Amino acid sequence: MQYPYMQFMHTLVMSEMIWKCFRCNLSFKDDKLAEMHKEISDHSITKVKTIVA
Ligand SMILES: [Zn+2]
């Protein structure tokens, strides 16, 4: 059964975690940028999984 393993690896490559501000509809790949935005704007940011083409 190699197929499930391959699919798991594929998912790892195709997706990444980003920070998202739903108030501004902005997304941040960098933890520091997300933290900065949070401090400056006092918005709550959420870590979400995104699919990268
Ligand atoms: Zn914001």
# chains A, B, ... in the order shown; residues from 1 in each chain; ligands from 1
>>> closest_atom_pairs(of="chain A", to="ligand 1", cutoff="12 Å", atoms="only C-alpha atoms and all ligand atoms", output="JSON lines")
{"residue": "A:Trp19", "atom": "CA", "partner": "ligand 1", "partner_atom_place_in_ligand_line": "1 (Zn)", "distance": 10.7}
{"residue": "A:Lys20", "atom": "CA", "partner": "ligand 1", "partner_atom_place_in_ligand_line": "1 (Zn)", "distance": 8.3}
{"residue": "A:Cys21", "atom": "CA", "partner": "ligand 1", "partner_atom_place_in_ligand_line": "1 (Zn)", "distance": 4.9}
{"residue": "A:Phe22", "atom": "CA", "partner": "ligand 1", "partner_atom_place_in_ligand_line": "1 (Zn)", "distance": 6.8}
{"residue": "A:Arg23", "atom": "CA", "partner": "ligand 1", "partner_atom_place_in_ligand_line": "1 (Zn)", "distance": 5.1}
{"residue": "A:Cys24", "atom": "CA", "partner": "ligand 1", "partner_atom_place_in_ligand_line": "1 (Zn)", "distance": 4.4}
{"residue": "A:Asn25", "atom": "CA", "partner": "ligand 1", "partner_atom_place_in_ligand_line": "1 (Zn)", "distance": 7.1}
{"residue": "A:Leu26", "atom": "CA", "partner": "ligand 1", "partner_atom_place_in_ligand_line": "1 (Zn)", "distance": 6.7}
{"residue": "A:Ser27", "atom": "CA", "partner": "ligand 1", "partner_atom_place_in_ligand_line": "1 (Zn)", "distance": 9.1}
{"residue": "A:Phe28", "atom": "CA", "partner": "ligand 1", "partner_atom_place_in_ligand_line": "1 (Zn)", "distance": 10.4}
{"residue": "A:Leu33", "atom": "CA", "partner": "ligand 1", "partner_atom_place_in_ligand_line": "1 (Zn)", "distance": 11.2}
{"residue": "A:Ala34", "atom": "CA", "partner": "ligand 1", "partner_atom_place_in_ligand_line": "1 (Zn)", "distance": 9.0}
{"residue": "A:Glu35", "atom": "CA", "partner": "ligand 1", "partner_atom_place_in_ligand_line": "1 (Zn)", "distance": 10.6}
{"residue": "A:Met36", "atom": "CA", "partner": "ligand 1", "partner_atom_place_in_ligand_line": "1 (Zn)", "distance": 10.1}
{"residue": "A:His37", "atom": "CA", "partner": "ligand 1", "partner_atom_place_in_ligand_line": "1 (Zn)", "distance": 6.4}
{"residue": "A:Lys38", "atom": "CA", "partner": "ligand 1", "partner_atom_place_in_ligand_line": "1 (Zn)", "distance": 6.8}
{"residue": "A:Glu39", "atom": "CA", "partner": "ligand 1", "partner_atom_place_in_ligand_line": "1 (Zn)", "distance": 9.7}
{"residue": "A:Ile40", "atom": "CA", "partner": "ligand 1", "partner_atom_place_in_ligand_line": "1 (Zn)", "distance": 8.7}
{"residue": "A:Ser41", "atom": "CA", "partner": "ligand 1", "partner_atom_place_in_ligand_line": "1 (Zn)", "distance": 6.0}
{"residue": "A:Asp42", "atom": "CA", "partner": "ligand 1", "partner_atom_place_in_ligand_line": "1 (Zn)", "distance": 7.5}
{"residue": "A:His43", "atom": "CA", "partner": "ligand 1", "partner_atom_place_in_ligand_line": "1 (Zn)", "distance": 5.0}
{"residue": "A:Ser44", "atom": "CA", "partner": "ligand 1", "partner_atom_place_in_ligand_line": "1 (Zn)", "distance": 7.2}
{"residue": "A:Ile45", "atom": "CA", "partner": "ligand 1", "partner_atom_place_in_ligand_line": "1 (Zn)", "distance": 7.4}
{"residue": "A:Thr46", "atom": "CA", "partner": "ligand 1", "partner_atom_place_in_ligand_line": "1 (Zn)", "distance": 10.6}
>>> write_last_selection(atoms="N, CA and C atoms", output="short mmCIF file (atom, residue, chain, number, x, y, z; two decimals), in the first residue's frame")
data_model
loop_
_atom_site.label_atom_id
_atom_site.label_comp_id
_atom_site.auth_asym_id
_atom_site.auth_seq_id
_atom_site.Cartn_x
_atom_site.Cartn_y
_atom_site.Cartn_z
N TRP A 19 -0.70 32.98 8.16
CA TRP A 19 -1.50 33.76 9.10
C TRP A 19 -2.49 34.60 8.31
N LYS A 20 -3.70 34.67 8.78
CA LYS A 20 -4.72 35.41 8.06
C LYS A 20 -5.44 36.38 8.99
N CYS A 21 -5.59 37.62 8.49
CA CYS A 21 -6.42 38.60 9.18
C CYS A 21 -7.73 38.71 8.42
N PHE A 22 -8.81 38.26 9.04
CA PHE A 22 -10.09 38.23 8.36
C PHE A 22 -10.71 39.63 8.28
N ARG A 23 -10.30 40.53 9.12
CA ARG A 23 -10.83 41.90 9.09
C ARG A 23 -10.32 42.65 7.86
N CYS A 24 -9.04 42.48 7.55
CA CYS A 24 -8.44 43.16 6.39
C CYS A 24 -8.45 42.27 5.16
N ASN A 25 -8.73 41.00 5.38
CA ASN A 25 -8.63 40.01 4.32
C ASN A 25 -7.20 39.93 3.79
N LEU A 26 -6.26 40.01 4.72
CA LEU A 26 -4.85 39.91 4.38
C LEU A 26 -4.29 38.59 4.89
N SER A 27 -3.29 38.11 4.17
CA SER A 27 -2.61 36.91 4.63
C SER A 27 -1.11 37.16 4.72
N PHE A 28 -0.49 36.54 5.71
CA PHE A 28 0.94 36.72 5.97
C PHE A 28 1.63 35.37 6.00
N LEU A 33 5.68 39.31 10.45
CA LEU A 33 4.78 40.27 9.82
C LEU A 33 3.37 40.16 10.40
N ALA A 34 2.94 38.94 10.61
CA ALA A 34 1.62 38.70 11.18
C ALA A 34 1.53 39.28 12.59
N GLU A 35 2.57 39.05 13.35
CA GLU A 35 2.63 39.54 14.73
C GLU A 35 2.63 41.07 14.75
N MET A 36 3.35 41.66 13.79
CA MET A 36 3.43 43.11 13.67
C MET A 36 2.05 43.70 13.35
N HIS A 37 1.39 43.08 12.42
CA HIS A 37 0.05 43.54 12.04
C HIS A 37 -0.91 43.45 13.22
N LYS A 38 -0.78 42.40 13.96
CA LYS A 38 -1.62 42.17 15.13
C LYS A 38 -1.43 43.29 16.16
N GLU A 39 -0.16 43.66 16.36
CA GLU A 39 0.16 44.69 17.35
C GLU A 39 -0.27 46.07 16.88
N ILE A 40 -0.02 46.37 15.60
CA ILE A 40 -0.32 47.70 15.06
C ILE A 40 -1.83 47.94 14.98
N SER A 41 -2.56 46.97 14.42
CA SER A 41 -3.97 47.17 14.14
C SER A 41 -4.89 46.65 15.24
N ASP A 42 -4.32 45.85 16.14
CA ASP A 42 -5.11 45.21 17.20
C ASP A 42 -6.18 44.28 16.62
N HIS A 43 -5.87 43.69 15.48
CA HIS A 43 -6.74 42.69 14.88
C HIS A 43 -6.32 41.30 15.35
N SER A 44 -7.26 40.41 15.37
CA SER A 44 -6.90 39.03 15.69
C SER A 44 -6.54 38.30 14.40
N ILE A 45 -5.47 37.54 14.46
CA ILE A 45 -5.04 36.79 13.29
C ILE A 45 -5.15 35.30 13.57
N THR A 46 -5.44 34.57 12.52
CA THR A 46 -5.67 33.14 12.65
C THR A 46 -4.73 32.39 11.72
#
